[in-house]
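Student: What follows is coords-v2.txt, compact mmCIF, C-alpha atoms.
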```txt
# COMPACT_ATOMS: atom_id res chain seq x y z
CA MET A 1 95.54 104.13 125.75
CA VAL A 2 98.22 103.99 128.42
CA VAL A 3 101.47 105.89 128.41
CA VAL A 4 103.82 104.89 131.19
CA HIS A 5 107.42 104.31 132.08
CA ASP A 6 108.02 101.05 133.91
CA GLY A 7 104.64 101.13 135.59
CA GLY A 8 104.43 104.87 136.28
CA MET A 9 101.58 107.01 135.02
CA ILE A 10 103.17 109.64 132.80
CA GLU A 11 101.40 110.99 129.74
CA PRO A 12 103.65 112.69 127.19
CA GLN A 13 101.96 114.34 124.25
CA THR A 14 103.70 112.09 121.74
CA ARG A 15 105.64 108.84 121.80
CA GLN A 16 108.35 108.04 119.33
CA ARG A 17 108.86 104.47 118.13
CA THR A 18 112.01 104.22 116.12
CA GLY A 19 114.91 101.90 115.51
CA ILE A 20 115.68 98.22 115.62
CA LEU A 21 115.67 98.00 119.42
CA TYR A 22 112.03 99.05 119.55
CA ARG A 23 111.12 96.57 116.85
CA LEU A 24 112.73 93.81 118.83
CA CYS A 25 110.92 94.97 121.97
CA VAL A 26 107.61 94.76 120.15
CA TYR A 27 108.36 91.29 118.82
CA PHE A 28 109.82 89.71 121.92
CA GLY A 29 108.09 91.73 124.63
CA GLY A 30 111.28 93.46 125.77
CA ILE A 31 114.86 93.27 124.51
CA LEU A 32 116.49 94.06 127.82
CA PRO A 33 116.57 90.43 129.05
CA PHE A 34 118.62 89.52 125.99
CA LEU A 35 121.06 92.36 126.54
CA ILE A 36 121.88 91.36 130.09
CA GLY A 37 121.84 87.60 129.63
CA VAL A 38 118.52 86.72 131.28
CA SER A 39 116.46 84.10 129.44
CA PRO A 40 113.08 85.55 128.48
CA VAL A 41 109.88 83.51 128.62
CA LEU A 42 109.04 83.16 124.95
CA ALA A 43 105.54 82.27 123.79
CA GLN A 44 105.13 78.71 122.57
CA PRO A 45 103.82 78.21 119.03
CA VAL A 46 100.23 77.04 118.63
CA SER A 47 99.95 73.45 117.39
CA PRO A 48 97.97 72.82 114.16
CA ALA A 49 95.28 70.89 116.04
CA VAL A 50 94.78 73.65 118.61
CA GLN A 51 94.85 76.33 115.90
CA ALA A 52 92.15 74.42 114.01
CA ARG A 53 89.99 74.43 117.14
CA ILE A 54 90.59 78.16 117.66
CA ASP A 55 89.73 78.87 114.04
CA ARG A 56 86.50 76.91 114.36
CA ILE A 57 85.47 78.94 117.42
CA LEU A 58 86.44 82.28 115.88
CA LYS A 59 84.65 81.50 112.62
CA ALA A 60 81.40 81.14 114.55
CA THR A 61 81.98 84.04 116.97
CA PRO A 62 83.94 87.19 116.08
CA LEU A 63 87.00 87.97 118.19
CA ILE A 64 86.31 91.57 119.25
CA ASP A 65 89.10 93.58 120.84
CA GLY A 66 88.02 96.44 123.08
CA HIS A 67 90.83 98.91 122.55
CA ASN A 68 93.46 99.69 119.91
CA ASP A 69 95.33 103.00 119.54
CA LEU A 70 96.33 102.88 115.87
CA PRO A 71 94.50 106.20 115.16
CA GLU A 72 96.64 107.95 117.78
CA GLN A 73 99.84 106.52 116.31
CA LEU A 74 98.82 107.73 112.85
CA ARG A 75 98.26 111.19 114.30
CA ASP A 76 101.40 111.44 116.42
CA ASN A 77 103.87 109.71 114.11
CA TYR A 78 102.36 110.08 110.63
CA GLN A 79 100.52 113.43 110.80
CA ASN A 80 97.13 111.74 110.16
CA ASP A 81 98.35 110.76 106.69
CA VAL A 82 96.18 107.66 106.39
CA GLU A 83 96.33 107.62 102.60
CA GLY A 84 100.13 107.97 102.47
CA THR A 85 100.95 105.47 105.24
CA ASP A 86 100.82 101.82 104.24
CA VAL A 87 99.41 99.63 107.01
CA SER A 88 98.31 96.82 104.74
CA ALA A 89 101.18 94.68 106.10
CA ASP A 90 104.54 94.89 107.89
CA GLY A 91 103.51 97.75 110.16
CA ASP A 92 106.29 96.68 112.52
CA LYS A 93 108.82 97.52 109.78
CA LEU A 94 107.70 101.11 109.25
CA PRO A 95 110.11 103.93 110.22
CA LYS A 96 108.02 104.36 113.37
CA PRO A 97 106.81 100.81 113.95
CA LEU A 98 103.20 99.91 114.58
CA MET A 99 101.65 96.91 116.31
CA THR A 100 98.71 96.89 113.91
CA ASP A 101 98.29 96.29 110.20
CA MET A 102 95.68 94.59 108.05
CA ALA A 103 97.65 91.40 107.44
CA ARG A 104 98.29 90.86 111.14
CA LEU A 105 94.65 91.61 112.03
CA HIS A 106 93.65 88.69 109.82
CA ALA A 107 96.49 86.51 111.10
CA GLY A 108 95.26 87.15 114.65
CA ARG A 109 91.71 86.14 113.62
CA VAL A 110 90.35 89.53 114.70
CA GLY A 111 86.70 89.91 113.73
CA GLY A 112 85.91 93.22 115.39
CA GLN A 113 87.99 96.11 116.69
CA PHE A 114 87.08 99.11 118.81
CA TRP A 115 89.46 101.82 117.56
CA SER A 116 90.24 104.34 120.29
CA VAL A 117 89.84 107.99 119.32
CA TYR A 118 92.14 109.14 122.11
CA ILE A 119 93.25 112.70 122.83
CA SER A 120 95.34 113.95 125.75
CA ALA A 121 93.44 114.29 129.03
CA SER A 122 94.85 117.81 129.36
CA VAL A 123 92.97 119.07 126.28
CA ARG A 124 89.60 120.55 127.26
CA GLY A 125 86.66 122.50 125.86
CA ASP A 126 86.17 123.16 122.14
CA ALA A 127 89.73 122.03 121.36
CA ALA A 128 88.91 118.59 122.75
CA ILE A 129 85.83 118.33 120.55
CA ARG A 130 87.84 119.31 117.45
CA GLU A 131 90.65 116.86 118.15
CA THR A 132 88.17 114.05 118.78
CA ILE A 133 86.48 114.73 115.43
CA GLU A 134 89.89 114.57 113.77
CA GLN A 135 90.54 111.16 115.33
CA ILE A 136 87.12 109.88 114.25
CA ASP A 137 87.98 111.07 110.75
CA VAL A 138 91.15 108.92 110.85
CA VAL A 139 89.08 105.81 111.65
CA LYS A 140 86.65 106.51 108.85
CA ARG A 141 89.47 107.11 106.37
CA LEU A 142 91.15 103.86 107.45
CA ALA A 143 87.95 101.95 106.78
CA ALA A 144 87.62 103.62 103.36
CA LYS A 145 91.22 102.94 102.36
CA TYR A 146 91.17 99.29 103.48
CA ALA A 147 87.60 98.49 102.45
CA ARG A 148 88.50 94.87 101.67
CA ASP A 149 89.69 94.44 105.26
CA LEU A 150 87.60 96.82 107.38
CA GLU A 151 84.00 97.97 107.53
CA LEU A 152 82.49 100.48 109.95
CA ALA A 153 80.01 99.03 112.45
CA THR A 154 77.62 100.69 114.88
CA THR A 155 75.48 97.77 116.09
CA ALA A 156 75.97 94.19 117.26
CA ALA A 157 74.16 93.04 114.11
CA ASP A 158 76.67 94.98 112.00
CA VAL A 159 79.56 93.22 113.73
CA VAL A 160 78.10 89.77 113.09
CA ARG A 161 77.36 90.57 109.43
CA ILE A 162 80.79 92.08 108.73
CA HIS A 163 82.58 89.19 110.41
CA LYS A 164 80.66 86.68 108.30
CA ALA A 165 81.82 88.60 105.21
CA GLY A 166 85.46 88.10 106.25
CA ARG A 167 86.17 91.69 107.21
CA VAL A 168 87.04 93.32 110.54
CA ALA A 169 84.07 95.19 112.02
CA SER A 170 85.44 98.62 112.95
CA LEU A 171 83.89 100.38 115.93
CA ILE A 172 84.79 103.68 117.58
CA GLY A 173 85.48 104.28 121.28
CA ILE A 174 86.10 107.69 122.90
CA GLU A 175 88.75 107.50 125.64
CA GLY A 176 87.73 110.19 128.07
CA GLY A 177 84.76 112.26 129.23
CA HIS A 178 86.84 115.39 128.71
CA GLN A 179 86.47 114.82 124.96
CA ILE A 180 82.87 116.06 124.87
CA GLY A 181 84.02 119.46 126.14
CA GLY A 182 81.22 119.65 128.72
CA SER A 183 78.61 119.46 125.95
CA MET A 184 75.77 116.94 125.78
CA ALA A 185 75.27 118.00 122.17
CA ALA A 186 78.86 116.94 121.41
CA LEU A 187 78.18 113.57 123.06
CA ARG A 188 75.15 113.07 120.86
CA MET A 189 76.98 114.15 117.72
CA PHE A 190 79.86 111.77 118.46
CA HIS A 191 77.28 109.00 118.69
CA LEU A 192 75.86 110.02 115.30
CA LEU A 193 79.41 109.90 113.90
CA GLY A 194 79.68 106.29 115.06
CA ALA A 195 81.16 106.35 118.57
CA ARG A 196 79.78 103.45 120.59
CA TYR A 197 81.56 103.77 123.91
CA MET A 198 83.05 106.53 125.99
CA THR A 199 85.51 106.09 128.85
CA LEU A 200 84.30 108.40 131.61
CA ALA A 201 87.79 109.65 132.50
CA HIS A 202 91.38 109.12 131.37
CA PHE A 203 94.56 110.01 133.28
CA LEU A 204 93.04 113.15 134.84
CA ASN A 205 89.74 114.02 136.49
CA ASN A 206 87.31 115.93 134.30
CA ASP A 207 83.80 117.41 134.47
CA VAL A 208 82.32 113.91 134.43
CA ALA A 209 84.25 111.70 136.84
CA ASP A 210 87.27 110.95 138.96
CA SER A 211 90.17 109.20 137.27
CA ALA A 212 91.99 106.22 138.78
CA THR A 213 95.26 108.17 138.51
CA ASP A 214 94.31 111.56 139.94
CA ASN A 215 93.36 112.77 143.41
CA PRO A 216 89.58 112.42 143.82
CA VAL A 217 87.37 115.49 143.68
CA TYR A 218 83.88 113.94 143.39
CA ASP A 219 84.38 110.59 145.13
CA GLY A 220 82.98 109.09 141.96
CA LEU A 221 80.74 110.86 139.45
CA SER A 222 80.03 114.57 139.37
CA PRO A 223 76.36 115.67 139.13
CA PHE A 224 77.04 116.35 135.44
CA GLY A 225 78.64 112.91 135.17
CA LYS A 226 75.48 111.25 136.45
CA ALA A 227 73.55 113.04 133.73
CA VAL A 228 76.15 111.92 131.17
CA VAL A 229 75.67 108.27 132.15
CA GLY A 230 71.92 108.70 131.78
CA GLU A 231 72.31 110.31 128.37
CA MET A 232 74.67 107.56 127.23
CA ASN A 233 72.01 105.03 128.24
CA ARG A 234 69.40 107.01 126.31
CA ILE A 235 71.32 107.27 123.04
CA GLY A 236 72.89 103.80 123.12
CA MET A 237 76.52 104.45 124.00
CA ILE A 238 78.38 101.98 126.22
CA VAL A 239 79.66 103.37 129.53
CA ASP A 240 83.37 102.42 129.67
CA LEU A 241 84.88 102.25 133.15
CA SER A 242 88.54 101.65 132.33
CA HIS A 243 90.80 104.41 133.73
CA VAL A 244 88.29 105.54 136.38
CA SER A 245 88.54 105.28 140.17
CA PRO A 246 86.81 102.45 142.05
CA ASP A 247 84.33 104.98 143.46
CA THR A 248 83.51 106.10 139.93
CA MET A 249 83.07 102.46 138.88
CA LYS A 250 80.63 101.89 141.74
CA ALA A 251 78.75 105.14 141.16
CA ALA A 252 78.27 104.40 137.46
CA LEU A 253 77.22 100.80 138.10
CA ALA A 254 74.68 102.03 140.66
CA ILE A 255 72.82 104.26 138.20
CA THR A 256 73.30 102.82 134.71
CA LYS A 257 70.30 101.18 133.11
CA ALA A 258 72.50 99.28 130.64
CA PRO A 259 75.47 96.90 130.85
CA VAL A 260 78.90 98.53 131.10
CA MET A 261 82.33 97.64 129.79
CA PHE A 262 85.91 97.99 130.89
CA SER A 263 87.54 98.30 127.47
CA HIS A 264 91.10 97.51 128.66
CA SER A 265 91.51 96.63 132.34
CA ASN A 266 92.78 93.76 134.49
CA ALA A 267 92.18 92.19 137.91
CA ARG A 268 93.38 94.24 140.88
CA ALA A 269 93.54 91.16 143.11
CA LEU A 270 96.45 89.90 141.00
CA ASN A 271 98.21 93.27 140.70
CA ASP A 272 97.32 96.20 142.94
CA ASN A 273 97.65 98.75 140.15
CA PRO A 274 95.16 101.66 140.13
CA ARG A 275 94.20 100.82 136.55
CA ASN A 276 92.84 97.41 137.55
CA VAL A 277 89.40 96.36 138.77
CA PRO A 278 88.86 95.37 142.45
CA ASP A 279 86.98 92.18 143.28
CA ASP A 280 84.05 94.03 144.90
CA VAL A 281 83.55 95.89 141.61
CA LEU A 282 83.83 92.63 139.65
CA ALA A 283 80.91 91.33 141.70
CA LEU A 284 78.90 94.41 140.67
CA VAL A 285 79.86 93.85 137.02
CA LYS A 286 78.44 90.33 137.27
CA ALA A 287 75.12 91.70 138.53
CA ASN A 288 75.13 94.40 135.83
CA GLY A 289 75.83 91.98 132.97
CA GLY A 290 78.91 93.93 131.92
CA VAL A 291 82.29 92.85 130.57
CA VAL A 292 85.92 93.41 131.62
CA MET A 293 88.27 93.25 128.63
CA VAL A 294 91.77 92.21 129.70
CA ASN A 295 94.71 94.22 128.35
CA PHE A 296 98.24 93.14 127.51
CA TYR A 297 100.29 95.79 129.30
CA PRO A 298 102.88 94.21 131.65
CA ALA A 299 102.66 97.00 134.25
CA HIS A 300 98.95 96.25 134.65
CA LEU A 301 99.40 92.48 134.51
CA SER A 302 102.46 91.93 136.68
CA ALA A 303 102.97 93.00 140.30
CA ALA A 304 106.72 92.60 139.75
CA VAL A 305 106.67 95.07 136.86
CA THR A 306 104.53 97.55 138.80
CA SER A 307 106.89 97.29 141.80
CA ARG A 308 109.92 97.81 139.58
CA GLY A 309 108.30 100.93 138.17
CA ALA A 310 107.77 102.35 141.65
CA ASP A 311 111.37 101.57 142.59
CA ARG A 312 112.63 103.19 139.41
CA ALA A 313 110.58 106.33 139.99
CA GLY A 314 112.09 106.65 143.47
CA GLU A 315 115.60 106.12 142.14
CA GLU A 316 115.09 108.73 139.45
CA ALA A 317 113.80 111.26 142.00
CA LYS A 318 116.89 110.59 144.13
CA ALA A 319 119.21 110.99 141.12
CA LYS A 320 117.63 114.32 140.22
CA VAL A 321 118.38 115.61 143.72
CA LEU A 322 121.91 114.24 143.82
CA PHE A 323 122.72 115.50 140.33
CA ASN A 324 120.62 118.63 140.26
CA GLY A 325 121.28 120.58 137.06
CA GLN A 326 123.29 117.68 135.57
CA PRO A 327 120.85 115.85 133.28
CA GLU A 328 123.56 113.73 131.67
CA ARG A 329 124.59 112.34 135.07
CA VAL A 330 120.94 111.58 135.85
CA LYS A 331 120.61 109.80 132.52
CA ALA A 332 123.76 107.76 133.14
CA ALA A 333 122.66 106.83 136.66
CA MET A 334 119.30 105.60 135.42
CA ALA A 335 120.89 103.64 132.56
CA ALA A 336 123.10 101.88 135.11
CA TRP A 337 120.08 101.21 137.34
CA ASP A 338 118.17 99.69 134.40
CA VAL A 339 121.01 97.29 133.67
CA ALA A 340 121.20 96.25 137.33
CA HIS A 341 117.40 95.87 137.60
CA PRO A 342 116.12 94.20 134.41
CA MET A 343 112.47 94.39 133.51
CA PRO A 344 110.69 91.18 134.56
CA VAL A 345 109.26 89.31 131.59
CA THR A 346 105.49 88.80 131.68
CA PRO A 347 104.41 85.64 129.83
CA VAL A 348 101.07 84.89 128.16
CA SER A 349 100.20 82.73 131.15
CA VAL A 350 99.82 85.89 133.27
CA VAL A 351 97.25 87.28 130.81
CA ALA A 352 95.39 84.00 131.22
CA ASP A 353 95.64 84.32 135.01
CA HIS A 354 93.82 87.66 134.89
CA ILE A 355 91.17 86.26 132.54
CA GLU A 356 90.60 83.30 134.84
CA HIS A 357 90.41 85.47 137.95
CA ILE A 358 87.76 87.72 136.41
CA ALA A 359 85.85 84.64 135.25
CA LYS A 360 86.07 83.15 138.74
CA VAL A 361 84.74 86.27 140.50
CA ALA A 362 82.34 87.69 137.89
CA GLY A 363 81.64 84.64 135.74
CA HIS A 364 82.59 83.56 132.24
CA ASP A 365 79.96 85.99 130.94
CA ALA A 366 82.00 88.95 132.21
CA VAL A 367 85.36 88.63 130.46
CA GLY A 368 86.76 89.79 127.12
CA LEU A 369 89.95 91.03 125.45
CA GLY A 370 91.13 94.64 125.09
CA GLY A 371 94.80 94.49 124.21
CA ASP A 372 95.58 98.24 124.15
CA LEU A 373 97.97 97.56 121.30
CA ASP A 374 99.63 100.62 119.77
CA GLY A 375 98.90 102.29 123.11
CA ILE A 376 101.61 100.50 125.08
CA GLU A 377 105.39 100.46 124.75
CA THR A 378 106.27 97.18 126.47
CA THR A 379 104.50 93.94 125.69
CA VAL A 380 103.97 90.31 126.58
CA PRO A 381 106.15 87.97 124.49
CA GLY A 382 104.06 86.96 121.48
CA LEU A 383 101.45 89.67 122.07
CA GLY A 384 103.42 92.55 120.59
CA GLY A 385 101.10 92.75 117.58
CA VAL A 386 97.51 92.07 116.62
CA ASP A 387 98.47 88.65 115.28
CA GLY A 388 99.05 87.25 118.78
CA TYR A 389 95.51 86.52 120.02
CA PRO A 390 95.59 82.76 119.26
CA LEU A 391 98.30 82.39 121.92
CA ILE A 392 95.80 83.40 124.61
CA PHE A 393 93.23 80.91 123.41
CA ALA A 394 95.87 78.18 123.22
CA GLU A 395 96.87 78.87 126.84
CA LEU A 396 93.27 78.68 128.01
CA ILE A 397 92.66 75.50 126.03
CA LYS A 398 95.65 74.01 127.83
CA ARG A 399 93.92 74.94 131.09
CA GLY A 400 90.75 73.13 130.09
CA TRP A 401 88.48 75.91 128.84
CA ASN A 402 85.56 74.68 126.73
CA ASP A 403 84.51 76.09 123.37
CA ALA A 404 81.44 77.88 124.73
CA ASP A 405 83.43 79.86 127.30
CA LEU A 406 86.17 80.64 124.77
CA ALA A 407 83.52 82.02 122.42
CA LYS A 408 82.17 84.24 125.21
CA LEU A 409 85.68 85.56 125.85
CA ALA A 410 86.31 86.16 122.15
CA GLY A 411 83.31 88.33 121.46
CA GLY A 412 80.12 86.76 122.70
CA ASN A 413 80.14 88.77 125.91
CA VAL A 414 80.75 92.15 124.33
CA LEU A 415 78.10 91.44 121.69
CA ARG A 416 75.67 90.75 124.53
CA VAL A 417 76.65 94.05 126.16
CA MET A 418 76.13 95.89 122.87
CA ARG A 419 72.70 94.34 122.43
CA GLY A 420 71.79 95.27 126.01
CA VAL A 421 72.84 98.87 125.44
CA GLU A 422 70.86 98.98 122.20
CA ALA A 423 67.77 97.57 123.94
CA THR A 424 68.07 100.12 126.76
CA ALA A 425 68.22 102.96 124.23
CA ALA A 426 65.14 101.61 122.45
CA SER A 427 63.27 101.53 125.77
CA MET A 428 64.19 105.19 126.40
CA LYS A 429 63.17 106.56 123.01
CA ASN A 430 60.55 108.83 124.57
CA VAL A 431 62.98 110.36 127.10
CA PRO A 432 63.97 113.89 125.99
CA PRO A 433 67.64 114.73 125.36
CA SER A 434 69.55 115.93 128.40
CA GLN A 435 70.37 119.61 128.61
CA ALA A 436 72.66 119.23 131.63
CA VAL A 437 75.84 121.30 131.75
CA PRO A 438 78.84 121.19 134.09
CA PRO A 439 79.20 124.01 136.63
CA ALA A 440 80.71 127.23 135.35
CA THR A 441 83.76 126.66 137.53
CA SER A 442 84.78 123.04 137.42
CA VAL A 443 86.53 121.47 140.40
CA ALA A 444 88.37 119.14 138.04
CA LYS A 445 91.65 120.45 136.68
```
If you convert what's in this file into C-alpha cells, what do you get?
Tutor:
Amino acid sequence: MVVVHDGGMIEPQTRQRTGILYRLCVYFGGILPFLIGVSPVLAQPVSPAVQARIDRILKATPLIDGHNDLPEQLRDNYQNDVEGTDVSADGDKLPKPLMTDMARLHAGRVGGQFWSVYISASVRGDAAIRETIEQIDVVKRLAAKYARDLELATTAADVVRIHKAGRVASLIGIEGGHQIGGSMAALRMFHLLGARYMTLAHFLNNDVADSATDNPVYDGLSPFGKAVVGEMNRIGMIVDLSHVSPDTMKAALAITKAPVMFSHSNARALNDNPRNVPDDVLALVKANGGVVMVNFYPAHLSAAVTSRGADRAGEEAKAKVLFNGQPERVKAAMAAWDVAHPMPVTPVSVVADHIEHIAKVAGHDAVGLGGDLDGIETTVPGLGGVDGYPLIFAELIKRGWNDADLAKLAGGNVLRVMRGVEATAASMKNVPPSQAVPPATSVAK
C-alpha cells in the first residue's frame, strides 16, 4: 500500500474516496488534464485477435497480482462490513469508490491475488497484532461471501487448482514487519492463518529492518530482523522487499535461503524514487531467483511525476511560511499552483518500460505484476481498476514479447518463487522454531 500526495511519502490513517471527480480519476488516470485542456494519453483498446492470444496465455498460466489493498479500503471506508458491502460488481460506483470488484477481477483475467493485510506503520506491539488479525479476517470473509469467485490459497498447487476451476486464488500478504509486534510466535500464527509473504518494513523503520522512506538505523536488517528472515525461510513465508531500503534489500538477499519477492516495486534506473529497486539489487534478485512485481502508481513509474511532487512539497512549505496561521490562503495558493502545474499523465507504455528494464537486467524470470490497486489514488489511464491487466500484455505483445515470457510475467515467476519457498521450508523441517526477540529498547521509532 502506498499513500502519497503527488509523489511525496505521507501516510494518513484513512483516505476518503468520494464524488464524481474521484471516479473519473480512477477511470481515466487523472481528471486534471481534462480540466485544464491538456490532452491525456488514453489507453488503446485491445484488438480481438490480441485479446484472444492473451486469453490463451492466461488460461494456461494464472495472472497473479502481488498486491491489492481492498481489505484496507473495506476497513477504512466500510467499517469492515464485508457482508453489507456489495463488491460483486460496479465497485467504482459505490459511495466511496473501489478499484476492485469480482466482475472486474474476471474481466481483467486475474487468476490469483495477494490481498494485502495492511495496517499503519505507526501501530506497534499487541495493537499491531490485533489489527493484522482483523485484516486477515476481512480476507477470509471476502472469500466466504464470494465463494463462486474467490478461494483461499496457501500453496502454489492451490493457486493452479483454483485457477483451473475458474476462481481467483486468494492469498494473504502482510505489509510490514511491525505487524508481528516483535513476536516470532505471532509470525508463526499469521502463517497458520494463511499469510504467505511479509514485507519487512513499510513507511517507517521497525524492529526488523530499515524502511526506504525513513532515516536508516540498522543500515539494513537488525539482528532480530536477520532471525526473522531465517524464521520466514523455515516456515515457508516469502520475504517481501518492497518498501525497504537498498541496504535492507541487500542484507536480506545475502542471508535468505529461499527466493524473495518485491510485491509492488519498479525500476529505480527509470525513476530515482526510494520505493524502486536499483540495478545492483536487480542483479542480486536474478542470482536469488526472486521476482520484482511492477506496480501501477505514477509517482513510482514516472520521473516527471516524482519531480512534480517534490516541487509541490517545496511550494506548500513556502506557502505555509508566507501564510502562517491562514490555512485558507495556503489552500488557495496550492489550488492555483496545481492548475498552473498539471499532473503529467503516465501511459501504459511506461509500465511496460519498467517491466522491460527489469527483464533486461534481471531476466524474464524475475518480473511480475503487483498493481497496488486500492492502495493508490492516482492511476495510469486504463489501469484504474483490476480489469486493466490485458492492456499491459497488449503493449508487450506490440513490442514483440513471446508467449513464454508473457506467461512468466503473468504468474509463472511468482509460482516458481512460491515453490522455492515451499521447498526451502521442507528442507528446514528439523530446524527448531526461533525464540529471538527484539531488544528491550528498540532503536526504531
Student: Using only C-alpha atoms for the distances, tell me which of A:Arg109, A:Arg234, A:Lys286, A:Lys96 is nearest to Leu391 of chain A.
Tutor: A:Arg109
Student: Nearest to Asn205 of chain A among A:Pro223, A:Gly111, A:Gly177, A:Gly236, with distances taken over only C-alpha atoms: which residue is it?
Tutor: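 Ranking A:Pro223, A:Gly111, A:Gly177, A:Gly236 by distance to Asn205 of chain A, first place goes to A:Gly177.
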Student: List every protein, DNA or RNA residue that has at least one atom no more than 8 Å from (94.9, 107.4, 137.5) in the file's coordinates, counting all atoms listed in the file, and write the result as a short mmCIF file (atom, residue, chain, number, x, y, z; two decimals) with C-alpha atoms, in the frame of the given file.
Tutor:
```cif
data_model
loop_
_atom_site.label_atom_id
_atom_site.label_comp_id
_atom_site.auth_asym_id
_atom_site.auth_seq_id
_atom_site.Cartn_x
_atom_site.Cartn_y
_atom_site.Cartn_z
CA MET A 9 101.58 107.01 135.02
CA HIS A 202 91.38 109.12 131.37
CA PHE A 203 94.56 110.01 133.28
CA LEU A 204 93.04 113.15 134.84
CA SER A 211 90.17 109.20 137.27
CA ALA A 212 91.99 106.22 138.78
CA THR A 213 95.26 108.17 138.51
CA ASP A 214 94.31 111.56 139.94
CA HIS A 243 90.80 104.41 133.73
CA VAL A 244 88.29 105.54 136.38
CA SER A 245 88.54 105.28 140.17
CA PRO A 274 95.16 101.66 140.13
CA ARG A 275 94.20 100.82 136.55
#
```
Student: Counting all atoms listed in the file, which residue out of A:Asp65, A:Asp126, A:Asp207, A:Glu356 sits closest to Ala440 of chain A?
Tutor: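 That would be A:Asp207, the residue with the smallest distance to Ala440 of chain A.
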Student: Excluding same-chain residues fewer than 3 positions from Val285 of chain A, what lies within 12 Å of it counting all atoms listed in the file, as an mmCIF file with C-alpha atoms, in the frame of the given file?
Tutor:
```
data_model
loop_
_atom_site.group_PDB
_atom_site.id
_atom_site.type_symbol
_atom_site.label_atom_id
_atom_site.label_comp_id
_atom_site.auth_asym_id
_atom_site.auth_seq_id
_atom_site.Cartn_x
_atom_site.Cartn_y
_atom_site.Cartn_z
ATOM 1 C CA ASP A 240 83.370 102.420 129.670
ATOM 2 C CA LEU A 241 84.880 102.250 133.150
ATOM 3 C CA MET A 249 83.070 102.460 138.880
ATOM 4 C CA LYS A 250 80.630 101.890 141.740
ATOM 5 C CA ALA A 252 78.270 104.400 137.460
ATOM 6 C CA LEU A 253 77.220 100.800 138.100
ATOM 7 C CA ALA A 254 74.680 102.030 140.660
ATOM 8 C CA THR A 256 73.300 102.820 134.710
ATOM 9 C CA ALA A 258 72.500 99.280 130.640
ATOM 10 C CA PRO A 259 75.470 96.900 130.850
ATOM 11 C CA VAL A 260 78.900 98.530 131.100
ATOM 12 C CA MET A 261 82.330 97.640 129.790
ATOM 13 C CA PHE A 262 85.910 97.990 130.890
ATOM 14 C CA VAL A 277 89.400 96.360 138.770
ATOM 15 C CA PRO A 278 88.860 95.370 142.450
ATOM 16 C CA ASP A 279 86.980 92.180 143.280
ATOM 17 C CA ASP A 280 84.050 94.030 144.900
ATOM 18 C CA VAL A 281 83.550 95.890 141.610
ATOM 19 C CA LEU A 282 83.830 92.630 139.650
ATOM 20 C CA ASN A 288 75.130 94.400 135.830
ATOM 21 C CA GLY A 289 75.830 91.980 132.970
ATOM 22 C CA GLY A 290 78.910 93.930 131.920
ATOM 23 C CA VAL A 291 82.290 92.850 130.570
ATOM 24 C CA VAL A 292 85.920 93.410 131.620
ATOM 25 C CA MET A 293 88.270 93.250 128.630
ATOM 26 C CA ILE A 358 87.760 87.720 136.410
ATOM 27 C CA ALA A 359 85.850 84.640 135.250
ATOM 28 C CA VAL A 361 84.740 86.270 140.500
ATOM 29 C CA ALA A 362 82.340 87.690 137.890
ATOM 30 C CA GLY A 363 81.640 84.640 135.740
ATOM 31 C CA HIS A 364 82.590 83.560 132.240
ATOM 32 C CA ASP A 365 79.960 85.990 130.940
ATOM 33 C CA ALA A 366 82.000 88.950 132.210
ATOM 34 C CA VAL A 367 85.360 88.630 130.460
ATOM 35 C CA VAL A 417 76.650 94.050 126.160
#
```
Student: Considering all atoms listed in the file, state which residue in the set A:Lys331, A:His191, A:Lys226, A:Arg399 is at the smallest distance from Ile255 of chain A.
Tutor: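 Nearest to Ile255 of chain A: A:Lys226.
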Student: Tell me which of A:Thr85, A:Asn206, A:Gln79, A:Thr61 sits closest to Ala121 of chain A, counting only C-alpha atoms.
Tutor: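 Closest to Ala121 of chain A, using only C-alpha atoms: A:Asn206.
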Student: Calculated over only C-alpha atoms, which of the candidates A:Val414, A:Leu193, A:Ala319, A:Ala165 has the smallest distance to Ala332 of chain A?
Tutor: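 Closest to Ala332 of chain A, using only C-alpha atoms: A:Ala319.
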Student: Separation of atom CA of His354 of chain A and atom CA of Ala267 of chain A, in Å?
Tutor: 5.7 Å
